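Raw contents of structure-v6.txt, compact mmCIF, C-alpha atoms and all ligand atoms:
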```txt
# COMPACT_ATOMS: atom_id res chain seq x y z
CA ARG A 1244 0.61 20.65 -27.97
CA ALA A 1245 -2.79 19.06 -27.57
CA ARG A 1246 -5.71 20.10 -29.74
CA ARG A 1247 -8.72 21.16 -27.72
CA GLU A 1248 -11.90 22.65 -29.10
CA VAL A 1249 -15.48 22.99 -27.92
CA LEU A 1250 -18.39 23.47 -30.31
CA PHE A 1251 -21.60 24.82 -28.83
CA PHE A 1252 -25.02 24.49 -30.39
CA PRO A 1253 -27.62 25.53 -31.56
CA SER A 1254 -25.82 26.27 -34.77
CA PRO A 1255 -27.70 28.81 -36.93
CA PRO A 1256 -28.68 27.43 -40.36
CA ARG A 1257 -25.71 27.86 -42.70
CA CYS A 1258 -25.18 26.45 -46.14
CA THR A 1259 -22.68 23.56 -46.09
CA GLU A 1260 -22.93 22.86 -49.82
CA ALA A 1261 -19.53 24.35 -50.71
CA LEU A 1262 -17.81 22.35 -47.96
CA LEU A 1263 -19.36 19.05 -49.06
CA ALA A 1264 -19.10 19.72 -52.82
CA GLN A 1265 -15.42 20.55 -52.47
CA ALA A 1266 -14.82 17.34 -50.50
CA GLU A 1267 -16.67 15.34 -53.15
CA ALA A 1268 -14.73 16.88 -56.07
CA PRO A 1269 -11.46 18.28 -54.65
CA GLY A 1270 -10.17 19.28 -58.11
CA ALA A 1271 -13.25 21.19 -59.30
CA ALA A 1272 -13.35 24.98 -59.37
CA PRO A 1273 -15.53 26.34 -56.54
CA ARG A 1274 -18.90 27.60 -57.80
CA PRO A 1275 -20.90 30.28 -56.00
CA CYS A 1276 -23.91 28.67 -54.30
CA PRO A 1277 -27.25 30.22 -55.30
CA CYS A 1278 -29.15 29.07 -52.18
CA PRO A 1279 -30.75 31.63 -49.86
CA LEU A 1280 -28.94 30.45 -46.69
CA PRO A 1281 -26.03 32.41 -45.19
CA HIS A 1282 -22.66 30.85 -46.09
CA GLY A 1283 -20.47 31.65 -43.07
CA GLU A 1284 -18.84 29.47 -40.40
CA SER A 1285 -20.92 27.44 -37.94
CA SER A 1286 -20.54 24.69 -35.37
CA LEU A 1287 -21.98 22.23 -37.88
CA GLY A 1288 -19.40 23.39 -40.43
CA ARG A 1289 -16.59 22.82 -37.91
CA LEU A 1290 -17.92 19.35 -37.10
CA LEU A 1291 -18.09 18.50 -40.83
CA ARG A 1292 -14.52 19.72 -41.38
CA HIS A 1293 -13.21 17.51 -38.55
CA LEU A 1294 -14.99 14.47 -40.00
CA LEU A 1295 -13.83 15.23 -43.55
CA SER A 1296 -10.23 15.30 -42.29
CA ALA A 1297 -10.41 11.47 -42.02
CA ARG A 1298 -7.88 9.66 -44.22
CA ARG A 1299 -7.88 6.10 -42.91
CA SER A 1300 -10.74 5.35 -40.49
CA LEU A 1301 -13.88 6.75 -38.92
CA ASP A 1302 -15.52 5.02 -35.96
CA LEU A 1303 -19.01 6.31 -35.14
CA CYS A 1304 -20.89 5.44 -31.97
CA LEU A 1305 -24.17 7.33 -32.15
CA PHE A 1306 -27.52 7.06 -30.43
CA ALA A 1307 -29.31 9.04 -33.16
CA PHE A 1308 -28.09 9.84 -36.66
CA SER A 1309 -30.47 11.60 -39.05
CA SER A 1310 -28.65 14.77 -40.19
CA PRO A 1311 -28.54 14.68 -44.04
CA GLN A 1312 -25.31 16.72 -44.19
CA LEU A 1313 -23.48 14.49 -41.70
CA GLY A 1314 -24.81 11.40 -43.50
CA ARG A 1315 -23.55 12.74 -46.82
CA ALA A 1316 -20.11 13.42 -45.30
CA VAL A 1317 -19.85 9.87 -43.94
CA ARG A 1318 -20.85 8.25 -47.26
CA LEU A 1319 -18.34 10.48 -49.03
CA LEU A 1320 -15.56 9.26 -46.73
CA HIS A 1321 -16.60 5.65 -47.34
CA ARG A 1322 -16.39 6.18 -51.12
CA ARG A 1323 -12.98 7.79 -50.65
CA GLY A 1324 -11.73 4.53 -49.08
CA VAL A 1325 -11.87 5.51 -45.40
CA ARG A 1326 -12.80 2.49 -43.26
CA VAL A 1327 -16.09 3.53 -41.63
CA ARG A 1328 -17.77 1.56 -38.84
CA VAL A 1329 -21.04 2.52 -37.15
CA LEU A 1330 -22.46 1.51 -33.78
CA THR A 1331 -25.97 2.69 -33.07
CA ASP A 1332 -29.12 2.18 -31.03
CA ALA A 1333 -31.67 -0.33 -32.29
CA GLN A 1334 -34.69 1.68 -31.14
CA TYR A 1335 -33.67 4.89 -32.86
CA MET A 1336 -32.31 3.52 -36.15
CA ALA A 1337 -35.78 2.44 -37.29
CA LEU A 1338 -37.19 6.00 -37.05
CA ARG A 1339 -38.07 8.00 -40.14
CA GLY A 1340 -35.20 10.08 -41.47
CA SER A 1341 -32.51 7.89 -39.90
CA GLN A 1342 -29.30 7.89 -41.92
CA ILE A 1343 -28.51 4.31 -40.89
CA GLY A 1344 -30.42 2.75 -43.81
CA PRO A 1345 -28.62 4.83 -46.48
CA LEU A 1346 -25.25 4.11 -44.79
CA ARG A 1347 -25.91 0.37 -44.91
CA LEU A 1348 -27.06 0.58 -48.52
CA ALA A 1349 -23.75 2.28 -49.32
CA GLY A 1350 -21.94 -0.76 -47.87
CA ILE A 1351 -20.90 0.66 -44.49
CA PRO A 1352 -20.93 -1.91 -41.67
CA VAL A 1353 -23.41 -1.07 -38.92
CA ARG A 1354 -23.94 -2.88 -35.64
CA HIS A 1355 -26.61 -2.16 -33.05
CA ASP A 1356 -27.55 -3.21 -29.54
CA GLN A 1357 -30.05 -5.91 -28.54
CA GLU A 1358 -30.33 -4.47 -25.05
CA SER A 1359 -33.08 -2.93 -23.00
CA GLY A 1360 -31.00 0.18 -22.22
CA TYR A 1361 -30.05 2.76 -24.80
CA MET A 1362 -26.77 2.86 -26.69
CA HIS A 1363 -26.64 6.55 -25.74
CA HIS A 1364 -23.05 7.48 -26.69
CA LYS A 1365 -22.57 10.27 -29.23
CA PHE A 1366 -18.93 10.05 -30.24
CA ALA A 1367 -16.69 9.70 -33.27
CA VAL A 1368 -13.01 8.83 -33.57
CA VAL A 1369 -11.20 10.08 -36.70
CA ASP A 1370 -8.12 8.12 -37.87
CA GLY A 1371 -7.74 6.69 -34.36
CA ARG A 1372 -6.34 10.04 -33.22
CA LEU A 1373 -9.13 12.63 -32.90
CA LEU A 1374 -12.05 12.23 -30.50
CA ILE A 1375 -15.34 14.09 -31.08
CA THR A 1376 -17.82 13.62 -28.21
CA GLY A 1377 -20.54 15.45 -26.32
CA SER A 1378 -24.25 15.82 -25.78
CA LEU A 1379 -25.17 16.28 -29.45
CA ASN A 1380 -27.20 13.67 -31.26
CA TRP A 1381 -26.56 13.92 -35.00
CA THR A 1382 -29.99 15.24 -35.90
CA THR A 1383 -31.03 18.51 -37.54
CA GLN A 1384 -33.39 19.16 -34.62
CA ALA A 1385 -30.50 19.00 -32.14
CA ILE A 1386 -28.06 20.94 -34.35
CA GLN A 1387 -30.45 23.82 -35.04
CA ASN A 1388 -32.60 24.03 -31.91
CA ASN A 1389 -30.95 22.51 -28.84
CA ARG A 1390 -28.33 23.72 -26.37
CA GLU A 1391 -25.57 21.19 -26.97
CA ASN A 1392 -21.82 20.76 -26.65
CA VAL A 1393 -19.22 18.80 -28.59
CA LEU A 1394 -15.62 18.41 -27.44
CA VAL A 1395 -12.87 17.80 -29.96
CA THR A 1396 -9.57 16.51 -28.61
CA ASP A 1397 -6.50 14.57 -29.68
CA ASP A 1398 -5.48 13.93 -26.07
CA ALA A 1399 -4.21 10.34 -26.27
CA GLU A 1400 -5.63 9.31 -22.89
CA TYR A 1401 -9.18 10.26 -23.90
CA VAL A 1402 -8.83 8.94 -27.46
CA THR A 1403 -7.59 5.56 -26.23
CA ALA A 1404 -10.37 5.22 -23.65
CA PHE A 1405 -13.06 5.86 -26.27
CA LEU A 1406 -11.39 3.62 -28.89
CA ASP A 1407 -11.31 0.80 -26.34
CA GLU A 1408 -14.99 1.39 -25.56
CA PHE A 1409 -15.76 1.30 -29.29
CA GLU A 1410 -13.95 -2.02 -29.80
CA ARG A 1411 -15.64 -3.53 -26.71
CA ILE A 1412 -19.12 -2.63 -27.98
CA TRP A 1413 -18.26 -3.55 -31.59
CA GLU A 1414 -17.35 -7.09 -30.47
CA GLU A 1415 -20.31 -7.34 -28.12
CA TYR A 1416 -22.78 -6.35 -30.85
CA ASN A 1417 -21.28 -8.86 -33.29
CA PRO A 1418 -24.34 -10.54 -34.82
CA ALA A 1419 -22.33 -13.68 -35.73
CA ARG B 401 -0.27 17.82 -14.92
CA ALA B 402 -3.88 17.85 -16.13
CA ARG B 403 -6.47 15.56 -14.59
CA ARG B 404 -8.24 13.42 -17.17
CA GLU B 405 -10.69 10.69 -16.43
CA VAL B 406 -13.45 8.93 -18.33
CA LEU B 407 -16.33 7.15 -16.62
CA PHE B 408 -18.28 4.65 -18.69
CA PHE B 409 -21.76 3.44 -17.94
CA PRO B 410 -23.87 1.37 -17.32
CA SER B 411 -22.68 1.29 -13.74
CA PRO B 412 -23.72 -1.92 -11.94
CA PRO B 413 -25.93 -1.25 -8.90
CA ARG B 414 -23.62 -0.51 -5.94
CA CYS B 415 -24.50 0.84 -2.53
CA THR B 416 -23.50 4.50 -2.18
CA GLU B 417 -24.84 4.86 1.36
CA ALA B 418 -21.40 4.88 3.05
CA LEU B 419 -20.15 7.55 0.65
CA LEU B 420 -23.14 9.83 1.22
CA ALA B 421 -23.46 9.17 4.97
CA GLN B 422 -19.79 9.98 5.49
CA ALA B 423 -20.16 13.22 3.53
CA GLU B 424 -23.23 14.13 5.62
CA ALA B 425 -21.51 13.41 8.94
CA PRO B 426 -17.73 13.59 8.36
CA GLY B 427 -16.93 13.06 12.03
CA ALA B 428 -19.09 9.99 12.62
CA ALA B 429 -17.61 6.51 12.86
CA PRO B 430 -18.36 4.49 9.72
CA ARG B 431 -21.06 1.90 10.26
CA PRO B 432 -21.31 -1.30 8.20
CA CYS B 433 -24.24 -1.03 5.79
CA PRO B 434 -26.77 -3.89 6.13
CA CYS B 435 -28.23 -3.50 2.61
CA PRO B 436 -28.07 -6.38 0.13
CA LEU B 437 -26.27 -4.40 -2.63
CA PRO B 438 -22.56 -4.89 -3.36
CA HIS B 439 -20.43 -2.11 -1.82
CA GLY B 440 -17.51 -1.76 -4.26
CA GLU B 441 -16.42 1.02 -6.60
CA SER B 442 -18.56 2.11 -9.54
CA SER B 443 -18.81 4.89 -12.10
CA LEU B 444 -21.67 6.40 -10.08
CA GLY B 445 -19.46 6.30 -6.98
CA ARG B 446 -16.67 8.12 -8.86
CA LEU B 447 -19.14 10.74 -10.11
CA LEU B 448 -20.45 11.27 -6.56
CA ARG B 449 -16.90 11.65 -5.18
CA HIS B 450 -16.08 14.32 -7.76
CA LEU B 451 -19.23 16.27 -6.87
CA LEU B 452 -18.66 15.89 -3.13
CA SER B 453 -15.19 17.41 -3.56
CA ALA B 454 -16.88 20.83 -4.04
CA ARG B 455 -15.89 23.41 -1.44
CA ARG B 456 -17.12 26.71 -2.90
CA SER B 457 -19.40 26.30 -5.91
CA LEU B 458 -21.25 23.79 -8.06
CA ASP B 459 -22.79 24.80 -11.39
CA LEU B 460 -25.13 22.21 -12.88
CA CYS B 461 -26.47 22.37 -16.42
CA LEU B 462 -28.60 19.27 -16.87
CA PHE B 463 -31.29 18.20 -19.30
CA ALA B 464 -32.63 15.52 -16.93
CA PHE B 465 -32.00 15.12 -13.21
CA SER B 466 -33.86 12.42 -11.32
CA SER B 467 -31.19 10.26 -9.64
CA PRO B 468 -31.96 10.19 -5.89
CA GLN B 469 -28.30 9.69 -4.92
CA LEU B 470 -27.08 12.59 -7.06
CA GLY B 471 -29.93 14.76 -5.75
CA ARG B 472 -28.97 13.90 -2.17
CA ALA B 473 -25.34 14.82 -2.86
CA VAL B 474 -26.30 18.20 -4.32
CA ARG B 475 -28.60 19.08 -1.37
CA LEU B 476 -25.82 18.04 1.01
CA LEU B 477 -23.38 20.42 -0.68
CA HIS B 478 -25.93 23.23 -0.49
CA ARG B 479 -26.36 22.64 3.27
CA ARG B 480 -22.57 22.65 3.62
CA GLY B 481 -22.49 26.20 2.20
CA VAL B 482 -21.42 25.43 -1.36
CA ARG B 483 -23.03 27.89 -3.81
CA VAL B 484 -25.14 25.64 -6.04
CA ARG B 485 -26.85 26.87 -9.23
CA VAL B 486 -28.97 24.70 -11.53
CA LEU B 487 -29.89 25.17 -15.19
CA THR B 488 -32.34 22.66 -16.59
CA ASP B 489 -34.87 21.90 -19.30
CA ALA B 490 -38.45 23.04 -18.75
CA GLN B 491 -40.03 20.00 -20.42
CA TYR B 492 -38.15 17.44 -18.36
CA MET B 493 -38.25 19.13 -14.94
CA ALA B 494 -42.01 18.57 -14.63
CA LEU B 495 -41.72 14.78 -14.99
CA ARG B 496 -42.33 12.43 -12.08
CA GLY B 497 -39.21 11.69 -10.06
CA SER B 498 -37.42 14.88 -11.11
CA GLN B 499 -35.02 16.14 -8.44
CA ILE B 500 -35.59 19.77 -9.46
CA GLY B 501 -38.56 20.22 -7.10
CA PRO B 502 -36.67 18.97 -4.00
CA LEU B 503 -33.65 21.12 -4.93
CA ARG B 504 -35.85 24.23 -5.15
CA LEU B 505 -37.55 23.36 -1.87
CA ALA B 506 -34.09 23.18 -0.29
CA GLY B 507 -33.45 26.76 -1.45
CA ILE B 508 -31.22 26.09 -4.46
CA PRO B 509 -31.69 28.56 -7.34
CA VAL B 510 -32.95 26.88 -10.51
CA ARG B 511 -33.45 28.45 -13.92
CA HIS B 512 -34.94 26.80 -16.99
CA ASP B 513 -35.44 27.51 -20.64
CA GLN B 514 -38.55 28.96 -22.31
CA GLU B 515 -37.43 27.73 -25.70
CA SER B 516 -38.76 25.28 -28.24
CA GLY B 517 -35.45 23.36 -28.39
CA TYR B 518 -34.09 21.30 -25.54
CA MET B 519 -31.57 22.49 -22.97
CA HIS B 520 -29.72 19.26 -23.69
CA HIS B 521 -26.37 19.86 -21.95
CA LYS B 522 -25.31 17.42 -19.22
CA PHE B 523 -22.43 19.08 -17.45
CA ALA B 524 -21.26 20.21 -14.02
CA VAL B 525 -18.44 22.53 -12.98
CA VAL B 526 -17.02 22.01 -9.48
CA ASP B 527 -15.37 25.00 -7.76
CA GLY B 528 -14.87 26.66 -11.16
CA ARG B 529 -11.99 24.23 -11.81
CA LEU B 530 -13.29 20.74 -12.62
CA LEU B 531 -15.52 19.99 -15.60
CA ILE B 532 -17.76 16.90 -15.66
CA THR B 533 -19.51 16.43 -19.02
CA GLY B 534 -20.72 13.73 -21.36
CA SER B 535 -23.73 11.85 -22.70
CA LEU B 536 -25.13 10.88 -19.29
CA ASN B 537 -28.42 12.30 -18.09
CA TRP B 538 -28.56 12.17 -14.30
CA THR B 539 -31.24 9.47 -14.10
CA THR B 540 -31.14 6.00 -12.57
CA GLN B 541 -32.31 4.56 -15.91
CA ALA B 542 -29.30 6.03 -17.69
CA ILE B 543 -26.81 5.20 -14.91
CA GLN B 544 -27.85 1.54 -14.60
CA ASN B 545 -28.97 0.60 -18.12
CA ASN B 546 -27.48 2.81 -20.83
CA ARG B 547 -24.13 2.93 -22.61
CA GLU B 548 -22.88 6.37 -21.55
CA ASN B 549 -19.71 8.35 -21.06
CA VAL B 550 -18.65 11.12 -18.69
CA LEU B 551 -15.40 13.05 -19.06
CA VAL B 552 -13.77 14.63 -16.03
CA THR B 553 -11.11 17.25 -16.68
CA ASP B 554 -9.45 20.24 -15.07
CA ASP B 555 -8.05 21.43 -18.39
CA ALA B 556 -8.46 25.21 -18.09
CA GLU B 557 -9.41 25.70 -21.75
CA TYR B 558 -12.37 23.31 -21.49
CA VAL B 559 -13.39 24.48 -18.01
CA THR B 560 -13.44 28.12 -19.11
CA ALA B 561 -15.47 27.39 -22.25
CA PHE B 562 -18.15 25.57 -20.24
CA LEU B 563 -18.19 28.16 -17.43
CA ASP B 564 -18.75 30.87 -20.05
CA GLU B 565 -21.57 28.83 -21.58
CA PHE B 566 -23.09 28.40 -18.11
CA GLU B 567 -23.00 32.15 -17.39
CA ARG B 568 -24.45 32.95 -20.83
CA ILE B 569 -27.41 30.61 -20.31
CA TRP B 570 -27.82 31.64 -16.65
CA GLU B 571 -28.28 35.27 -17.72
CA GLU B 572 -30.48 34.37 -20.66
CA TYR B 573 -32.83 32.31 -18.47
CA ASN B 574 -33.10 35.09 -15.90
CA PRO B 575 -36.82 35.27 -15.16
CA ALA B 576 -36.56 38.89 -14.00
ZN ZN C 1 -25.74 27.69 -50.35
ZN ZN C 2 -25.36 -0.71 1.51
```
Target encoding structure tokens, full file:
Amino acid sequence: RARREVLFFPSPPRCTEALLAQAEAPGAAPRPCPCPLPHGESSLGRLLRHLLSARRSLDLCLFAFSSPQLGRAVRLLHRRGVRVRVLTDAQYMALRGSQIGPLRLAGIPVRHDQESGYMHHKFAVVDGRLLITGSLNWTTQAIQNNRENVLVTDDAEYVTAFLDEFERIWEEYNPA
Amino acid sequence: RARREVLFFPSPPRCTEALLAQAEAPGAAPRPCPCPLPHGESSLGRLLRHLLSARRSLDLCLFAFSSPQLGRAVRLLHRRGVRVRVLTDAQYMALRGSQIGPLRLAGIPVRHDQESGYMHHKFAVVDGRLLITGSLNWTTQAIQNNRENVLVTDDAEYVTAFLDEFERIWEEYNPA
């Protein structure tokens, strides 16, 4: 049976420290977080959990990527040995707060457009089997303030279409 | 069996006159179009066909709407008796070229946010049974120049989730 899920935003501010800390040190005993934020479920938490489920590969095709929590999750996956690739928009990646610089510094391959139009996709494919796509740019502004949607599906027809699109753009943006 | 389709953009400029003229005058004999544009299929053409399939209702929830062809299709459906409702973003609707003014002039009910965040959704529900959603804002710039995706699905779980979101926002933006 196909997995189908929709996440709607804005997502109220929730602490994601426990989620990320546990992913960074799976063996460690959970420690209560002293921060003042509520610690319940949220759309951002669900999105993080789906990303952190990656075991082999993570393909990101994102117009804007500045969320610190999502950036931390992606670097964590890279350190864990997941093959991460990032496609992004040249205009946006230079903005302050972009996570693209830190991802590159961590050794994650990033390619961007040289085009006049925007690379406006906002999708991720986890392990070549789970598609995450919608209106949401990966910024704190969008997560906390905007009306947004994100679909999560393992429907093979959709996953294949987006994987093919990723590979097409990945080759086209090859700087070599 | 579920309908699943993905449209990718940019969509090369193609004449959509025949498609729209035929929808406006279904009985009329098709006339060859003298314009210099190519007349083949395109992602914009597919999107128009899905919209023009509406018989009872069309719910639009769009951050940006300035495409003349899509605006013409929506006004045509309204004249045909389809119940059209539009949710949009207050900041964008005032921009030059927005289709929101012409839609309102035609008598289509439009509601917009009063919020600090963006109403950043880009989805449509046709006849309460077909969901059209993705990264694409309904602007000629995005259609012709950007890398974009649009999913089309009649999967009841997705359709219901987005219809609920539409009704929630429609009530919340009630100016009364
Ligand atoms: Zn905390
Ligand atoms: Zn023509």
Worksheet entry | All residues 12 Å or closer to Ala1337 (chain A), only C-alpha atoms, same chain fewer than 3 positions away omitted, as a list in words |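 The residues satisfying every condition are Phe1306, Ala1307, Phe1308, Ser1309, Thr1331, Asp1332, Ala1333, Gln1334, Gly1340, Ser1341, Gln1342, Ile1343, Gly1344, Pro1345 and His1355 of chain A.
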Worksheet item: So which residues are near ligand ZN 1 (chain C), meaning at most 8 Å away with all atoms listed in the file counted, given back as a ChimeraX atom specification?
Response: /A:1257-1261,1275-1282
Take the residues that were just selected and, keeping C-alpha atoms, output them as a PDB file, in the coordinates of the input.
```pdb
ATOM      1  CA  ARG A1257     -25.710  27.860 -42.700  1.00  0.00           C
ATOM      2  CA  CYS A1258     -25.180  26.450 -46.140  1.00  0.00           C
ATOM      3  CA  THR A1259     -22.680  23.560 -46.090  1.00  0.00           C
ATOM      4  CA  GLU A1260     -22.930  22.860 -49.820  1.00  0.00           C
ATOM      5  CA  ALA A1261     -19.530  24.350 -50.710  1.00  0.00           C
ATOM      6  CA  PRO A1275     -20.900  30.280 -56.000  1.00  0.00           C
ATOM      7  CA  CYS A1276     -23.910  28.670 -54.300  1.00  0.00           C
ATOM      8  CA  PRO A1277     -27.250  30.220 -55.300  1.00  0.00           C
ATOM      9  CA  CYS A1278     -29.150  29.070 -52.180  1.00  0.00           C
ATOM     10  CA  PRO A1279     -30.750  31.630 -49.860  1.00  0.00           C
ATOM     11  CA  LEU A1280     -28.940  30.450 -46.690  1.00  0.00           C
ATOM     12  CA  PRO A1281     -26.030  32.410 -45.190  1.00  0.00           C
ATOM     13  CA  HIS A1282     -22.660  30.850 -46.090  1.00  0.00           C
TER      14      HIS A1282
END
```
Worksheet item: When the cut-off is 6 Å and we count only C-alpha atoms, which residues of chain B are near chain A, given as a ChimeraX atom specification?
Response: /B:517-521,534-535,545-548
Writing out the chosen residues with C-alpha atoms as a PDB file, in the frame of the given file:
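The resulting file, result35.pdb, is shown below:
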```pdb
ATOM      1  CA  GLY B 517     -35.450  23.360 -28.390  1.00  0.00           C
ATOM      2  CA  TYR B 518     -34.090  21.300 -25.540  1.00  0.00           C
ATOM      3  CA  MET B 519     -31.570  22.490 -22.970  1.00  0.00           C
ATOM      4  CA  HIS B 520     -29.720  19.260 -23.690  1.00  0.00           C
ATOM      5  CA  HIS B 521     -26.370  19.860 -21.950  1.00  0.00           C
ATOM      6  CA  GLY B 534     -20.720  13.730 -21.360  1.00  0.00           C
ATOM      7  CA  SER B 535     -23.730  11.850 -22.700  1.00  0.00           C
ATOM      8  CA  ASN B 545     -28.970   0.600 -18.120  1.00  0.00           C
ATOM      9  CA  ASN B 546     -27.480   2.810 -20.830  1.00  0.00           C
ATOM     10  CA  ARG B 547     -24.130   2.930 -22.610  1.00  0.00           C
ATOM     11  CA  GLU B 548     -22.880   6.370 -21.550  1.00  0.00           C
TER      12      GLU B 548
END
```
Worksheet item: Around (-8.9, 7.6, -38.2) in the file's own coordinates, what residues are found within 8 Å if you use all atoms listed in the file, given back as a ChimeraX atom specification?
Response: /A:1297-1302,1368-1373
Response to the item:
Using only C-alpha atoms and all ligand atoms, the shortest atom-to-atom distance to ligand ZN 2 (chain C) among B:Ala556, B:Ala576, B:Val484, B:Leu420 belongs to B:Leu420
Worksheet entry | Interatomic distance (Å, one decimal) between CA of Ala1272 (chain A) and CA of Leu1290 (chain A) |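 Spanning CA of Ala1272 (chain A) to CA of Leu1290 (chain A) is a straight-line distance of 23.4 Å.
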Practice prompt. Would you mind reading off the distance between CA of Asp554 (chain B) and CA of Leu531 (chain B), one decimal, in Å?
Written response: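 If I compute the distance from CA of Asp554 (chain B) to CA of Leu531 (chain B), I get 6.1 Å.
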Worksheet entry | CA of Ile1375 (chain A) to CA of Leu1320 (chain A), distance in Å rounded to a single decimal |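 Atom-to-atom, CA of Ile1375 (chain A) to CA of Leu1320 (chain A), that is 16.4 Å.
Remark: for ligand ZN 2 (chain C), the closest of the candidate residues B:Arg483, B:Arg511, B:Arg431, B:Arg475 is B:Arg431 (distances computed over all atoms listed in the file).
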Fill in: Using all atoms listed in the file: which of B:Pro430, B:Gly440, B:Glu424, B:Leu487 has the shortest distance to Cys461 (chain B)
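Using all atoms listed in the file, Cys461 (chain B) sits closest to B:Leu487.
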Could you write out as lines of an AutoDock Vina configuration file the box around region 443-460 of chain B (axis-aligned, all atoms listed in the file, 5 Å on each side), with centre and edge lengths in Å to one decimal?
```
center_x = -20.2
center_y = 15.8
center_z = -7.2
size_x = 19.9
size_y = 31.8
size_z = 21.4
```
Discussion item. Quick one: residues within 9 Å of Leu1262 (chain A), all atoms listed in the file, excluding same-chain residues fewer than 6 positions away - as JSON, numbers by chain?
Written reply: {"A": [1288, 1291, 1292]}
Should you be able to, write region 1392-1397 of chain A of this structure into a file that contains all heavy atoms, as a short mmCIF file (atom, residue, chain, number, x, y, z; two decimals), in the first residue's frame.
```cif
data_model
loop_
_atom_site.label_atom_id
_atom_site.label_comp_id
_atom_site.auth_asym_id
_atom_site.auth_seq_id
_atom_site.Cartn_x
_atom_site.Cartn_y
_atom_site.Cartn_z
N ASN A 1392 2.53 23.74 1.54
CA ASN A 1392 2.23 22.31 1.55
C ASN A 1392 3.46 21.52 1.12
O ASN A 1392 4.28 21.99 0.34
CB ASN A 1392 1.05 21.99 0.62
CG ASN A 1392 1.36 22.30 -0.83
OD1 ASN A 1392 2.07 21.54 -1.50
ND2 ASN A 1392 0.85 23.43 -1.34
N VAL A 1393 3.55 20.31 1.66
CA VAL A 1393 4.59 19.35 1.24
C VAL A 1393 3.93 17.99 1.13
O VAL A 1393 3.30 17.51 2.09
CB VAL A 1393 5.74 19.29 2.26
CG1 VAL A 1393 6.68 18.15 1.92
CG2 VAL A 1393 6.51 20.61 2.29
N LEU A 1394 4.04 17.37 -0.03
CA LEU A 1394 3.55 16.01 -0.22
C LEU A 1394 4.69 15.03 -0.02
O LEU A 1394 5.81 15.28 -0.45
CB LEU A 1394 3.01 15.81 -1.64
CG LEU A 1394 1.60 16.29 -1.92
CD1 LEU A 1394 1.59 17.79 -2.12
CD2 LEU A 1394 1.03 15.59 -3.13
N VAL A 1395 4.37 13.92 0.63
CA VAL A 1395 5.33 12.84 0.82
C VAL A 1395 4.70 11.59 0.20
O VAL A 1395 3.57 11.24 0.55
CB VAL A 1395 5.62 12.60 2.31
CG1 VAL A 1395 6.67 11.51 2.49
CG2 VAL A 1395 6.06 13.90 2.98
N THR A 1396 5.41 10.96 -0.72
CA THR A 1396 4.83 9.79 -1.39
C THR A 1396 5.92 8.81 -1.82
O THR A 1396 7.02 9.23 -2.18
CB THR A 1396 4.01 10.20 -2.63
OG1 THR A 1396 3.48 9.03 -3.25
CG2 THR A 1396 4.85 10.94 -3.65
N ASP A 1397 5.59 7.52 -1.78
CA ASP A 1397 6.50 6.53 -2.34
C ASP A 1397 5.90 5.92 -3.61
O ASP A 1397 6.36 4.87 -4.07
CB ASP A 1397 6.86 5.45 -1.32
CG ASP A 1397 5.65 4.66 -0.85
OD1 ASP A 1397 4.53 4.92 -1.32
OD2 ASP A 1397 5.83 3.78 0.00
#
```
